[in-house]
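S.K.: Sharing start_35.cif (mmCIF, C-alpha atoms and all ligand atoms) below.
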```
data_entry
loop_
_atom_site.label_atom_id
_atom_site.label_comp_id
_atom_site.auth_asym_id
_atom_site.auth_seq_id
_atom_site.Cartn_x
_atom_site.Cartn_y
_atom_site.Cartn_z
CA MET A 227 51.22 58.66 -20.16
CA TYR A 228 49.32 61.62 -18.73
CA LYS A 229 47.03 61.00 -15.78
CA ILE A 230 43.59 62.61 -15.56
CA LEU A 231 43.43 64.17 -12.09
CA LYS A 232 39.86 65.45 -12.30
CA ALA A 233 37.00 64.92 -14.75
CA GLU A 234 33.72 66.77 -14.39
CA GLN A 235 30.71 67.72 -16.47
CA LEU A 236 30.31 71.51 -16.55
CA ALA A 237 27.11 71.79 -18.57
CA ALA A 238 24.78 69.72 -20.76
CA ASN A 239 27.48 68.85 -23.30
CA ILE A 240 30.65 70.41 -21.90
CA TYR A 241 33.33 68.60 -19.90
CA LEU A 242 36.38 69.73 -17.90
CA MET A 243 39.52 67.73 -17.15
CA ASP A 244 42.63 68.46 -15.13
CA VAL A 245 45.54 66.51 -16.58
CA GLU A 246 48.93 65.84 -14.98
CA ALA A 247 51.39 67.31 -17.49
CA PRO A 248 54.15 69.15 -15.54
CA ARG A 249 56.27 70.13 -18.54
CA VAL A 250 53.32 71.65 -20.40
CA ALA A 251 52.07 73.38 -17.23
CA LYS A 252 55.50 74.92 -16.64
CA HIS A 253 55.80 76.46 -20.09
CA CYS A 254 52.30 77.38 -21.25
CA LEU A 255 50.88 80.86 -21.61
CA PRO A 256 47.37 82.13 -22.41
CA GLY A 257 46.38 81.63 -26.03
CA GLN A 258 48.20 78.33 -26.53
CA PHE A 259 46.77 74.87 -27.08
CA VAL A 260 47.60 71.19 -26.68
CA ILE A 261 46.98 68.16 -28.88
CA VAL A 262 45.75 65.12 -26.99
CA LYS A 263 45.58 61.48 -28.04
CA MET A 264 43.66 58.90 -26.05
CA ASP A 265 45.65 55.87 -27.20
CA GLU A 266 48.29 54.87 -29.73
CA VAL A 267 45.87 54.79 -32.65
CA GLY A 268 43.69 57.65 -31.40
CA GLU A 269 42.91 60.77 -33.38
CA ARG A 270 44.82 63.93 -32.47
CA ILE A 271 42.46 66.41 -30.80
CA PRO A 272 43.54 70.06 -30.51
CA LEU A 273 42.18 71.77 -27.37
CA THR A 274 42.88 75.22 -25.98
CA ILE A 275 44.51 75.43 -22.58
CA CYS A 276 41.81 76.65 -20.20
CA ASP A 277 43.96 76.89 -17.07
CA TYR A 278 47.27 75.65 -15.72
CA ASP A 279 48.95 75.22 -12.37
CA SER A 280 52.72 75.06 -12.74
CA GLU A 281 53.26 74.10 -9.08
CA LYS A 282 50.83 71.20 -9.21
CA GLY A 283 51.97 70.37 -12.75
CA SER A 284 48.44 70.24 -14.14
CA VAL A 285 46.69 71.63 -17.20
CA THR A 286 42.93 72.15 -17.51
CA ILE A 287 41.06 71.45 -20.74
CA VAL A 288 37.38 72.04 -21.47
CA PHE A 289 35.73 70.31 -24.41
CA GLN A 290 32.50 69.69 -26.19
CA PRO A 291 31.91 66.20 -27.61
CA ILE A 292 31.07 66.66 -31.29
CA GLY A 293 32.52 63.64 -33.12
CA ALA A 294 33.81 60.14 -32.50
CA SER A 295 36.97 61.01 -30.54
CA THR A 296 35.59 63.74 -28.28
CA THR A 297 32.51 61.59 -27.56
CA LYS A 298 34.80 58.74 -26.47
CA MET A 299 36.89 61.20 -24.47
CA LYS A 300 33.96 62.33 -22.35
CA ASP A 301 33.79 58.84 -20.80
CA LEU A 302 37.34 59.06 -19.39
CA LYS A 303 37.43 59.36 -15.60
CA ALA A 304 39.88 60.62 -12.97
CA GLY A 305 42.68 58.03 -12.79
CA ASP A 306 42.54 57.24 -16.54
CA TYR A 307 45.39 58.29 -18.82
CA PHE A 308 45.97 60.08 -22.14
CA GLU A 309 48.59 58.42 -24.33
CA ASP A 310 49.83 61.82 -25.54
CA PHE A 311 49.38 65.37 -24.30
CA VAL A 312 51.55 67.52 -26.56
CA GLY A 313 52.14 71.22 -25.96
CA PRO A 314 52.19 74.02 -25.41
CA LEU A 315 51.53 74.61 -29.13
CA GLY A 316 50.84 77.82 -31.02
CA ARG A 317 51.88 81.35 -30.16
CA PRO A 318 50.89 82.89 -26.83
CA SER A 319 48.51 85.87 -26.88
CA GLU A 320 50.26 89.03 -28.05
CA PHE A 321 49.63 90.92 -24.79
CA THR A 322 51.79 88.44 -22.82
CA GLU A 323 54.80 90.03 -24.54
CA MET A 324 53.73 93.64 -24.00
CA ASP A 325 55.05 96.08 -21.43
CA ILE A 326 52.74 95.75 -18.41
CA GLU A 327 52.56 99.49 -17.75
CA GLU A 328 51.51 100.06 -21.39
CA LEU A 329 48.99 97.24 -21.12
CA LYS A 330 47.49 98.77 -17.97
CA LYS A 331 46.51 101.84 -19.99
CA LYS A 332 44.43 99.75 -22.40
CA HIS A 333 40.71 99.06 -22.12
CA ILE A 334 40.19 95.48 -23.22
CA VAL A 335 36.95 93.68 -23.92
CA PHE A 336 36.63 89.93 -24.44
CA VAL A 337 33.69 88.42 -26.31
CA ALA A 338 33.26 84.67 -25.84
CA GLY A 339 30.74 82.31 -27.37
CA GLY A 340 29.86 78.80 -26.14
CA VAL A 341 32.88 76.64 -25.36
CA GLY A 342 35.05 79.63 -26.43
CA THR A 343 34.50 80.80 -22.85
CA ALA A 344 37.15 78.30 -21.72
CA PRO A 345 40.12 79.84 -23.62
CA VAL A 346 39.05 83.34 -22.58
CA TYR A 347 39.45 82.46 -18.88
CA PRO A 348 43.29 82.05 -18.77
CA GLN A 349 43.68 85.35 -20.64
CA LEU A 350 41.49 87.23 -18.14
CA LYS A 351 43.24 85.50 -15.23
CA TRP A 352 46.70 86.41 -16.56
CA LEU A 353 45.66 90.05 -16.92
CA HIS A 354 43.93 90.13 -13.51
CA GLU A 355 47.06 88.75 -11.82
CA ARG A 356 48.88 91.80 -13.24
CA GLY A 357 46.32 94.30 -12.00
CA ILE A 358 44.25 94.58 -15.18
CA THR A 359 40.54 93.78 -14.99
CA ALA A 360 39.04 93.58 -18.46
CA ASP A 361 35.37 93.47 -19.46
CA ALA A 362 34.14 90.05 -20.58
CA ILE A 363 30.97 89.43 -22.56
CA VAL A 364 29.97 85.79 -22.50
CA GLY A 365 27.15 84.51 -24.65
CA ALA A 366 25.52 81.08 -24.59
CA LYS A 367 22.48 79.60 -26.34
CA THR A 368 20.68 78.96 -23.04
CA LYS A 369 21.30 79.25 -19.27
CA ASP A 370 22.27 75.55 -19.07
CA LEU A 371 25.21 76.13 -21.41
CA ILE A 372 26.90 78.87 -19.40
CA ILE A 373 30.19 77.65 -17.97
CA LEU A 374 32.82 79.00 -15.54
CA GLU A 375 30.56 81.86 -14.40
CA ASP A 376 32.04 82.10 -10.87
CA LYS A 377 35.64 81.83 -12.06
CA LEU A 378 35.07 84.53 -14.68
CA LYS A 379 33.49 86.87 -12.12
CA GLU A 380 36.67 86.67 -10.02
CA VAL A 381 38.88 87.94 -12.83
CA SER A 382 36.70 90.23 -14.98
CA ASN A 383 33.74 92.60 -15.20
CA LEU A 384 31.37 89.95 -16.51
CA TYR A 385 28.39 90.57 -18.81
CA LEU A 386 26.33 87.44 -19.49
CA THR A 387 23.75 87.01 -22.21
CA THR A 388 21.69 84.12 -23.55
CA ASP A 389 20.27 83.74 -27.08
CA ASP A 390 16.88 82.68 -25.66
CA GLY A 391 16.79 85.08 -22.70
CA SER A 392 16.76 82.23 -20.15
CA TYR A 393 19.39 84.00 -18.02
CA ILE A 394 20.34 87.66 -17.37
CA ARG A 395 19.47 89.13 -20.77
CA LYS A 396 18.27 88.04 -24.21
CA GLY A 397 20.51 88.48 -27.22
CA MET A 398 23.96 87.79 -28.55
CA GLY A 399 27.36 88.96 -27.35
CA THR A 400 27.45 91.43 -30.23
CA ASP A 401 24.26 93.11 -28.89
CA VAL A 402 25.93 93.60 -25.50
CA LEU A 403 29.10 95.01 -27.07
CA ARG A 404 27.11 97.47 -29.16
CA ASP A 405 25.14 98.61 -26.09
CA LEU A 406 28.26 99.05 -23.97
CA VAL A 407 29.84 101.26 -26.62
CA GLU A 408 26.82 103.12 -27.96
CA LYS A 409 24.56 103.38 -24.89
CA GLU A 410 27.07 103.32 -22.02
CA GLY A 411 29.80 105.26 -23.82
CA LYS A 412 32.53 102.67 -23.15
CA HIS A 413 35.74 102.96 -25.10
CA TYR A 414 37.81 99.91 -25.95
CA ASP A 415 41.36 99.82 -27.37
CA VAL A 416 41.16 96.15 -28.21
CA CYS A 417 38.62 93.34 -28.43
CA VAL A 418 39.46 89.63 -28.17
CA ALA A 419 36.79 87.34 -29.62
CA ILE A 420 36.83 83.56 -29.15
CA GLY A 421 34.10 81.12 -30.15
CA PRO A 422 32.61 79.48 -33.23
CA MET A 423 33.91 80.95 -36.51
CA ILE A 424 30.55 82.42 -37.43
CA MET A 425 30.38 84.26 -34.09
CA MET A 426 33.93 85.63 -34.49
CA LYS A 427 33.06 86.79 -38.00
CA PHE A 428 30.08 88.80 -36.71
CA VAL A 429 32.05 90.26 -33.81
CA CYS A 430 34.66 91.42 -36.34
CA LEU A 431 32.03 93.02 -38.58
CA LEU A 432 30.76 94.98 -35.57
CA THR A 433 34.18 95.98 -34.22
CA LYS A 434 35.19 97.18 -37.68
CA GLU A 435 32.16 99.44 -37.61
CA LEU A 436 32.98 100.56 -34.05
CA ASN A 437 36.65 100.95 -34.93
CA ILE A 438 37.98 98.54 -32.29
CA PRO A 439 41.06 96.48 -33.27
CA THR A 440 40.13 92.81 -32.78
CA ILE A 441 42.00 89.59 -32.14
CA VAL A 442 40.38 86.23 -32.85
CA SER A 443 41.45 82.68 -32.00
CA MET A 444 41.01 80.47 -35.06
CA ASN A 445 40.03 76.82 -34.67
CA PRO A 446 40.22 75.21 -38.12
CA ILE A 447 40.69 71.47 -38.57
CA MET A 448 44.23 70.61 -37.41
CA VAL A 449 46.20 67.43 -37.80
CA ASP A 450 49.92 67.58 -37.02
CA GLY A 451 49.95 70.95 -35.22
CA THR A 452 53.46 71.64 -36.52
CA GLY A 453 52.88 73.54 -39.78
CA MET A 454 53.71 70.49 -41.92
CA CYS A 455 50.39 69.15 -43.15
CA GLY A 456 48.54 72.24 -44.36
CA ALA A 457 45.19 71.24 -42.84
CA CYS A 458 44.81 74.43 -40.79
CA ARG A 459 45.55 76.78 -43.71
CA LEU A 460 43.94 80.24 -43.50
CA LEU A 461 44.06 83.41 -45.57
CA VAL A 462 45.00 86.43 -43.46
CA ASP A 463 45.45 89.78 -45.21
CA GLY A 464 45.72 87.83 -48.48
CA GLU A 465 48.60 85.68 -47.19
CA VAL A 466 48.53 81.96 -46.42
CA LYS A 467 48.97 81.31 -42.68
CA PHE A 468 48.84 78.12 -40.65
CA ALA A 469 46.77 78.48 -37.49
CA CYS A 470 48.88 75.94 -35.58
CA VAL A 471 52.21 77.76 -35.90
CA ASP A 472 51.35 81.32 -37.00
CA GLY A 473 48.34 81.49 -34.63
CA PRO A 474 45.88 80.46 -33.38
CA GLU A 475 45.37 84.21 -32.71
CA PHE A 476 45.17 86.63 -35.63
CA ASP A 477 44.01 90.14 -36.46
CA GLY A 478 40.31 89.41 -36.92
CA HIS A 479 39.81 92.24 -39.40
CA LYS A 480 42.27 90.56 -41.75
CA VAL A 481 41.03 86.96 -41.56
CA ASP A 482 39.08 85.59 -44.52
CA PHE A 483 36.30 83.97 -42.46
CA ASP A 484 34.20 82.93 -45.43
CA LEU A 485 37.07 80.89 -46.84
CA ALA A 486 37.88 79.42 -43.41
CA MET A 487 34.28 78.31 -42.92
CA LYS A 488 34.11 76.89 -46.44
CA ARG A 489 37.25 74.83 -45.80
CA GLN A 490 35.81 73.53 -42.53
CA GLN A 491 32.71 72.36 -44.40
CA MET A 492 34.77 70.76 -47.17
CA TYR A 493 36.71 68.63 -44.68
CA LYS A 494 33.44 66.93 -43.77
CA SER A 495 33.22 64.87 -46.99
CA ASP A 496 35.68 62.68 -48.93
CA GLU A 497 34.82 64.63 -52.05
CA GLY A 498 35.53 67.97 -50.35
CA ARG A 499 38.87 66.77 -49.03
CA ALA A 500 39.87 65.49 -52.49
CA LEU A 501 38.91 68.88 -53.96
CA LEU A 502 40.98 70.76 -51.39
CA LYS A 503 43.96 68.60 -52.23
CA GLU A 504 43.51 69.25 -55.94
CA GLN A 505 43.06 73.02 -55.48
CA GLU A 506 45.81 73.59 -52.95
CA GLY A 507 48.42 71.27 -54.38
CA ASP A 508 51.79 71.71 -52.72
CA THR A 509 50.52 73.96 -49.93
CA HIS A 510 48.09 71.33 -48.80
CA HIS A 511 50.71 68.72 -49.61
CA GLY A 512 48.77 65.68 -48.67
CA GLY A 513 50.41 64.63 -45.44
CA CYS A 514 47.47 65.56 -43.29
CA GLY A 515 45.99 62.10 -43.00
CA LEU A 516 42.58 63.45 -43.94
CA CYS A 517 42.93 63.73 -47.69
CA GLY A 518 44.78 60.47 -48.16
CA GLY A 519 48.15 62.00 -49.03
CA ASP A 520 50.05 61.85 -52.29
CA LYS A 521 50.23 58.06 -52.40
C1 LIG B 1 43.51 75.41 -31.83
C2 LIG B 1 42.21 74.69 -31.52
C3 LIG B 1 41.70 74.76 -30.25
C4 LIG B 1 40.50 74.12 -29.95
N1 LIG B 1 40.04 74.21 -28.67
C5 LIG B 1 38.92 73.56 -28.34
C6 LIG B 1 38.46 73.60 -26.98
O1 LIG B 1 39.08 74.21 -26.09
N2 LIG B 1 37.32 72.92 -26.69
C7 LIG B 1 36.61 72.23 -27.65
O2 LIG B 1 35.57 71.65 -27.32
N3 LIG B 1 37.03 72.18 -28.93
C8 LIG B 1 38.17 72.81 -29.29
N4 LIG B 1 38.62 72.72 -30.58
C9 LIG B 1 37.85 71.88 -31.56
C10 LIG B 1 38.18 70.38 -31.34
O3 LIG B 1 39.54 70.15 -31.65
C11 LIG B 1 37.30 69.49 -32.24
O4 LIG B 1 35.99 69.61 -31.76
C12 LIG B 1 37.71 68.03 -32.15
O5 LIG B 1 38.98 67.83 -32.73
C13 LIG B 1 36.71 67.17 -32.88
O6 LIG B 1 37.16 65.82 -32.79
P1 LIG B 1 36.20 64.58 -33.00
O7 LIG B 1 37.03 63.42 -33.45
O8 LIG B 1 35.36 64.35 -31.81
O9 LIG B 1 35.24 65.02 -34.13
P2 LIG B 1 35.42 64.72 -35.68
O10 LIG B 1 34.81 63.39 -35.95
O11 LIG B 1 36.83 64.97 -36.10
O12 LIG B 1 34.52 65.87 -36.22
C14 LIG B 1 33.13 65.92 -35.91
C15 LIG B 1 32.54 67.10 -36.64
O13 LIG B 1 33.14 68.32 -36.15
C16 LIG B 1 33.82 69.01 -37.18
N5 LIG B 1 35.09 69.51 -36.62
C17 LIG B 1 36.23 68.82 -36.35
N6 LIG B 1 37.19 69.62 -35.87
C18 LIG B 1 36.66 70.86 -35.84
C19 LIG B 1 37.16 72.13 -35.48
N7 LIG B 1 38.43 72.33 -35.16
N8 LIG B 1 36.30 73.16 -35.54
C20 LIG B 1 35.02 72.99 -35.95
N9 LIG B 1 34.51 71.83 -36.33
C21 LIG B 1 35.30 70.78 -36.29
C22 LIG B 1 34.07 67.99 -38.25
O14 LIG B 1 34.11 68.58 -39.51
C23 LIG B 1 32.86 67.07 -38.12
O15 LIG B 1 31.73 67.56 -38.75
C24 LIG B 1 39.80 73.37 -30.94
C25 LIG B 1 40.32 73.29 -32.22
C26 LIG B 1 41.51 73.95 -32.52
C27 LIG B 1 42.06 73.85 -33.88
S1 LIG B 2 47.77 71.41 -38.36
FE1 LIG B 2 48.62 73.26 -39.00
S2 LIG B 2 49.80 72.69 -40.73
FE2 LIG B 2 49.06 70.83 -39.95
#
```
Would you mind writing the file out in structure tokens?
Ligand SMILES: Cc1cc2nc3c(=O)[nH]c(=O)nc-3n(C[C@H](O)[C@H](O)[C@H](O)COP(=O)(O)OP(=O)(O)OC[C@H]3O[C@@H](n4cnc5c(N)ncnc54)[C@H](O)[C@@H]3O)c2cc1C
Ligand code: FES
M.R.:
Amino acid sequence: MYKILKAEQLAANIYLMDVEAPRVAKHCLPGQFVIVKMDEVGERIPLTICDYDSEKGSVTIVFQPIGASTTKMKDLKAGDYFEDFVGPLGRPSEFTEMDIEELKKKHIVFVAGGVGTAPVYPQLKWLHERGITADAIVGAKTKDLIILEDKLKEVSNLYLTTDDGSYIRKGMGTDVLRDLVEKEGKHYDVCVAIGPMIMMKFVCLLTKELNIPTIVSMNPIMVDGTGMCGACRLLVDGEVKFACVDGPEFDGHKVDFDLAMKRQQMYKSDEGRALLKEQEGDTHHGGCGLCGGDK
């Protein structure tokens, strides 16, 4: 059992929890995720690691209630427990394996959308702790949905924008990135984009035009998180990849976003799931618990 040490509401529909999970906290790196389960029969919920404290043995998650399980999860309080808190899962961000002196020469820009701000924070913090302060563009629909502003300011050069102009400036993260490059003459060696798939797709279209290599963190439907069920299948550079074990981070210019978004939609109906199973046969081999399996 994994004790919730802190539970707080960050914004209108965004919640933060610190969870006591010493083994996960000791081993995790930026870019990785956990799968949580509220009770024995609970659904498995993949969530990106937003922060971790290996001395305290705690891991921070930030989530947005969108369906049955996450809506139930928002009612958990400090002192309650998760039945399972499995991780760290997925591959750490590529830069964690790079030579620090080489990394220091790079100009990095992060573009985050909505709750995607949470997974961007540990990456910026990791870099900042090593003397690298990257630019971070954070976009939210309105002022009320901006999260972690103070924490982000400590570890990055922060540019905030809101779709409706209710805070700082009006427009999307892509507008800010274009202005920084085209009006302010900034040069970036790499862009990291994290947020809803549609937002990552548009960041990639822009960075292709601006010739900036781009990494994205994919968040398809996941079930087992071990590469066995096929639910998180993606097409990257024409090859089948599983976000849970090959990612979640990929070269954004090689990801087939249209297919990824189509699959996400198809998982929403019984008919769509049956069709996926029929089309993908052995690759989506039916053990995912969503399509009903090969019974
Ligand atoms: C690697 C990874 C990291 C993630 N990190 C975070 C995070 O840090 N914070 C956060 O709030 N969410 C994150 N998510 C998404 C989160 O896992 C889903 O929102 C959650 O599982 C939905 O569970 P539910 O039972 O409440 O909703 P469900 O009842 O399962 O679904 C409700 C609706 O949301 C859709 N949906 C379900 N899962 C996803 C998904 N992965 N992406 C888009 N739509 C989905 C369903 O199709 C359905 O329409 C992450 C997902 C992945 C794969
Ligand atoms: S969640 Fe990735 S293969 Fe099952």
S.K.: Residues contacting ligand LIG 2 (chain B) - anything with an atom at most 12 Å away, using only C-alpha atoms and all ligand atoms - can you give me those as JSON, numbers by chain?
M.R.: {"A": [259, 260, 261, 270, 271, 272, 315, 316, 444, 445, 446, 447, 448, 449, 450, 451, 452, 453, 454, 455, 456, 457, 458, 459, 460, 466, 467, 468, 469, 470, 471, 472, 473, 474, 509, 510, 511, 512, 513, 514, 515, 516]}
S.K.: I'd like to know which of A:Val462, A:Leu236, A:Val381, A:Leu350 is closest to ligand LIG 1 (chain B), using all atoms listed in the file.
M.R.: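 The closest residue to ligand LIG 1 (chain B) is A:Leu236.
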S.K.: Would you kindly return, as a ChimeraX atom specification, each protein, DNA or RNA residue with an atom no farther than 10 Å from any atom of Leu403 in chain A, considering only C-alpha atoms and excluding same-chain residues fewer than 2 positions away?
M.R.: /A:335-337,361-363,385,398-401,405-410,412,417,429,432-433,436
S.K.: CA of Lys369 in chain A and CA of Val346 in chain A, how far apart in Å?
M.R.: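 Separation between CA of Val346 in chain A and CA of Lys369 in chain A: 18.5 Å.
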S.K.: One number please: CA of Phe289 in chain A to atom O15 of ligand LIG 1 (chain B), in Å, one decimal.
M.R.: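 Taking CA of Phe289 in chain A and atom O15 of ligand LIG 1 (chain B), their separation equals 15.1 Å.
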S.K.: Dump as a VMD selection string all residues having an atom at most 8 Å from (52.3, 85.8, -20.1), computed in the file's coordinates with all atoms listed in the file.
M.R.: chain A and resid 255 to 256 318 to 319 321 to 323 352
S.K.: Counting all atoms listed in the file, figure out which residue out of A:Ala251, A:Val262, A:Leu431, A:Pro439 gets nearest to Asp482 in chain A.
M.R.: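 Nearest to Asp482 in chain A: A:Leu431.
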S.K.: Nearest to Glu328 in chain A among A:Val402, A:Asp415, A:Lys367, A:Lys229, with distances taken over only C-alpha atoms: which residue is it?
M.R.: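 That would be A:Asp415, the residue with the smallest distance to Glu328 in chain A.
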S.K.: Put a box with edges along x, y and z around all the listed atoms of ligand LIG 1 (chain B), pad it by 3 Å on each side, then give me its centre and sizes in Å, one decimal, as JSON.
M.R.:
```
{"center_x": 37.6, "center_y": 69.4, "center_z": -32.8, "size_x": 17.8, "size_y": 18.0, "size_z": 19.4}
```
S.K.: Would you save range 416-425 of chain A to a file, keeping all heavy atoms, as an mmCIF file, in the first residue's frame?
M.R.:
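Result file follows (out_36.cif):
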```cif
data_model
loop_
_atom_site.group_PDB
_atom_site.id
_atom_site.type_symbol
_atom_site.label_atom_id
_atom_site.label_comp_id
_atom_site.auth_asym_id
_atom_site.auth_seq_id
_atom_site.Cartn_x
_atom_site.Cartn_y
_atom_site.Cartn_z
ATOM 1 N N VAL A 416 17.137 21.982 -29.759
ATOM 2 C CA VAL A 416 16.123 20.947 -29.541
ATOM 3 C C VAL A 416 14.898 21.534 -28.846
ATOM 4 O O VAL A 416 15.004 22.452 -28.034
ATOM 5 C CB VAL A 416 16.731 19.745 -28.755
ATOM 6 C CG1 VAL A 416 17.229 20.137 -27.390
ATOM 7 C CG2 VAL A 416 15.736 18.605 -28.615
ATOM 8 N N CYS A 417 13.744 20.979 -29.219
ATOM 9 C CA CYS A 417 12.476 21.369 -28.595
ATOM 10 C C CYS A 417 11.869 20.115 -27.960
ATOM 11 O O CYS A 417 11.930 19.029 -28.548
ATOM 12 C CB CYS A 417 11.538 21.935 -29.670
ATOM 13 S SG CYS A 417 9.835 22.195 -29.121
ATOM 14 N N VAL A 418 11.321 20.263 -26.768
ATOM 15 C CA VAL A 418 10.601 19.149 -26.126
ATOM 16 C C VAL A 418 9.164 19.614 -25.957
ATOM 17 O O VAL A 418 8.918 20.653 -25.324
ATOM 18 C CB VAL A 418 11.206 18.804 -24.741
ATOM 19 C CG1 VAL A 418 10.449 17.635 -24.100
ATOM 20 C CG2 VAL A 418 12.696 18.487 -24.857
ATOM 21 N N ALA A 419 8.225 18.888 -26.556
ATOM 22 C CA ALA A 419 6.814 19.297 -26.486
ATOM 23 C C ALA A 419 6.015 18.239 -25.733
ATOM 24 O O ALA A 419 6.089 17.046 -26.058
ATOM 25 C CB ALA A 419 6.248 19.469 -27.891
ATOM 26 N N ILE A 420 5.264 18.678 -24.721
ATOM 27 C CA ILE A 420 4.437 17.727 -23.957
ATOM 28 C C ILE A 420 3.059 18.340 -23.709
ATOM 29 O O ILE A 420 2.943 19.449 -23.178
ATOM 30 C CB ILE A 420 5.084 17.334 -22.606
ATOM 31 C CG1 ILE A 420 6.535 16.869 -22.808
ATOM 32 C CG2 ILE A 420 4.252 16.244 -21.925
ATOM 33 C CD1 ILE A 420 7.224 16.345 -21.565
ATOM 34 N N GLY A 421 2.032 17.592 -24.080
ATOM 35 C CA GLY A 421 0.664 18.074 -23.883
ATOM 36 C C GLY A 421 -0.293 17.179 -24.649
ATOM 37 O O GLY A 421 0.057 16.048 -25.018
ATOM 38 N N PRO A 422 -1.496 17.668 -24.917
ATOM 39 C CA PRO A 422 -2.442 16.869 -25.699
ATOM 40 C C PRO A 422 -1.851 16.547 -27.077
ATOM 41 O O PRO A 422 -1.045 17.326 -27.612
ATOM 42 C CB PRO A 422 -3.648 17.798 -25.849
ATOM 43 C CG PRO A 422 -3.480 18.846 -24.814
ATOM 44 C CD PRO A 422 -2.029 18.971 -24.530
ATOM 45 N N MET A 423 -2.256 15.405 -27.648
ATOM 46 C CA MET A 423 -1.659 14.980 -28.930
ATOM 47 C C MET A 423 -1.796 16.027 -30.019
ATOM 48 O O MET A 423 -0.878 16.261 -30.788
ATOM 49 C CB MET A 423 -2.287 13.672 -29.392
ATOM 50 C CG MET A 423 -1.624 12.474 -28.746
ATOM 51 S SD MET A 423 -1.968 11.010 -29.695
ATOM 52 C CE MET A 423 -1.991 9.799 -28.383
ATOM 53 N N ILE A 424 -2.962 16.681 -30.055
ATOM 54 C CA ILE A 424 -3.183 17.668 -31.115
ATOM 55 C C ILE A 424 -2.199 18.836 -30.980
ATOM 56 O O ILE A 424 -1.675 19.344 -31.969
ATOM 57 C CB ILE A 424 -4.669 18.143 -31.116
ATOM 58 C CG1 ILE A 424 -4.979 19.027 -32.314
ATOM 59 C CG2 ILE A 424 -5.063 18.835 -29.829
ATOM 60 C CD1 ILE A 424 -5.094 18.267 -33.606
ATOM 61 N N MET A 425 -1.901 19.214 -29.733
ATOM 62 C CA MET A 425 -0.955 20.310 -29.508
ATOM 63 C C MET A 425 0.452 19.874 -29.940
ATOM 64 O O MET A 425 1.169 20.619 -30.617
ATOM 65 C CB MET A 425 -1.007 20.706 -28.024
ATOM 66 C CG MET A 425 0.096 21.605 -27.562
ATOM 67 S SD MET A 425 1.112 20.718 -26.372
ATOM 68 C CE MET A 425 2.638 21.548 -26.460
#
```
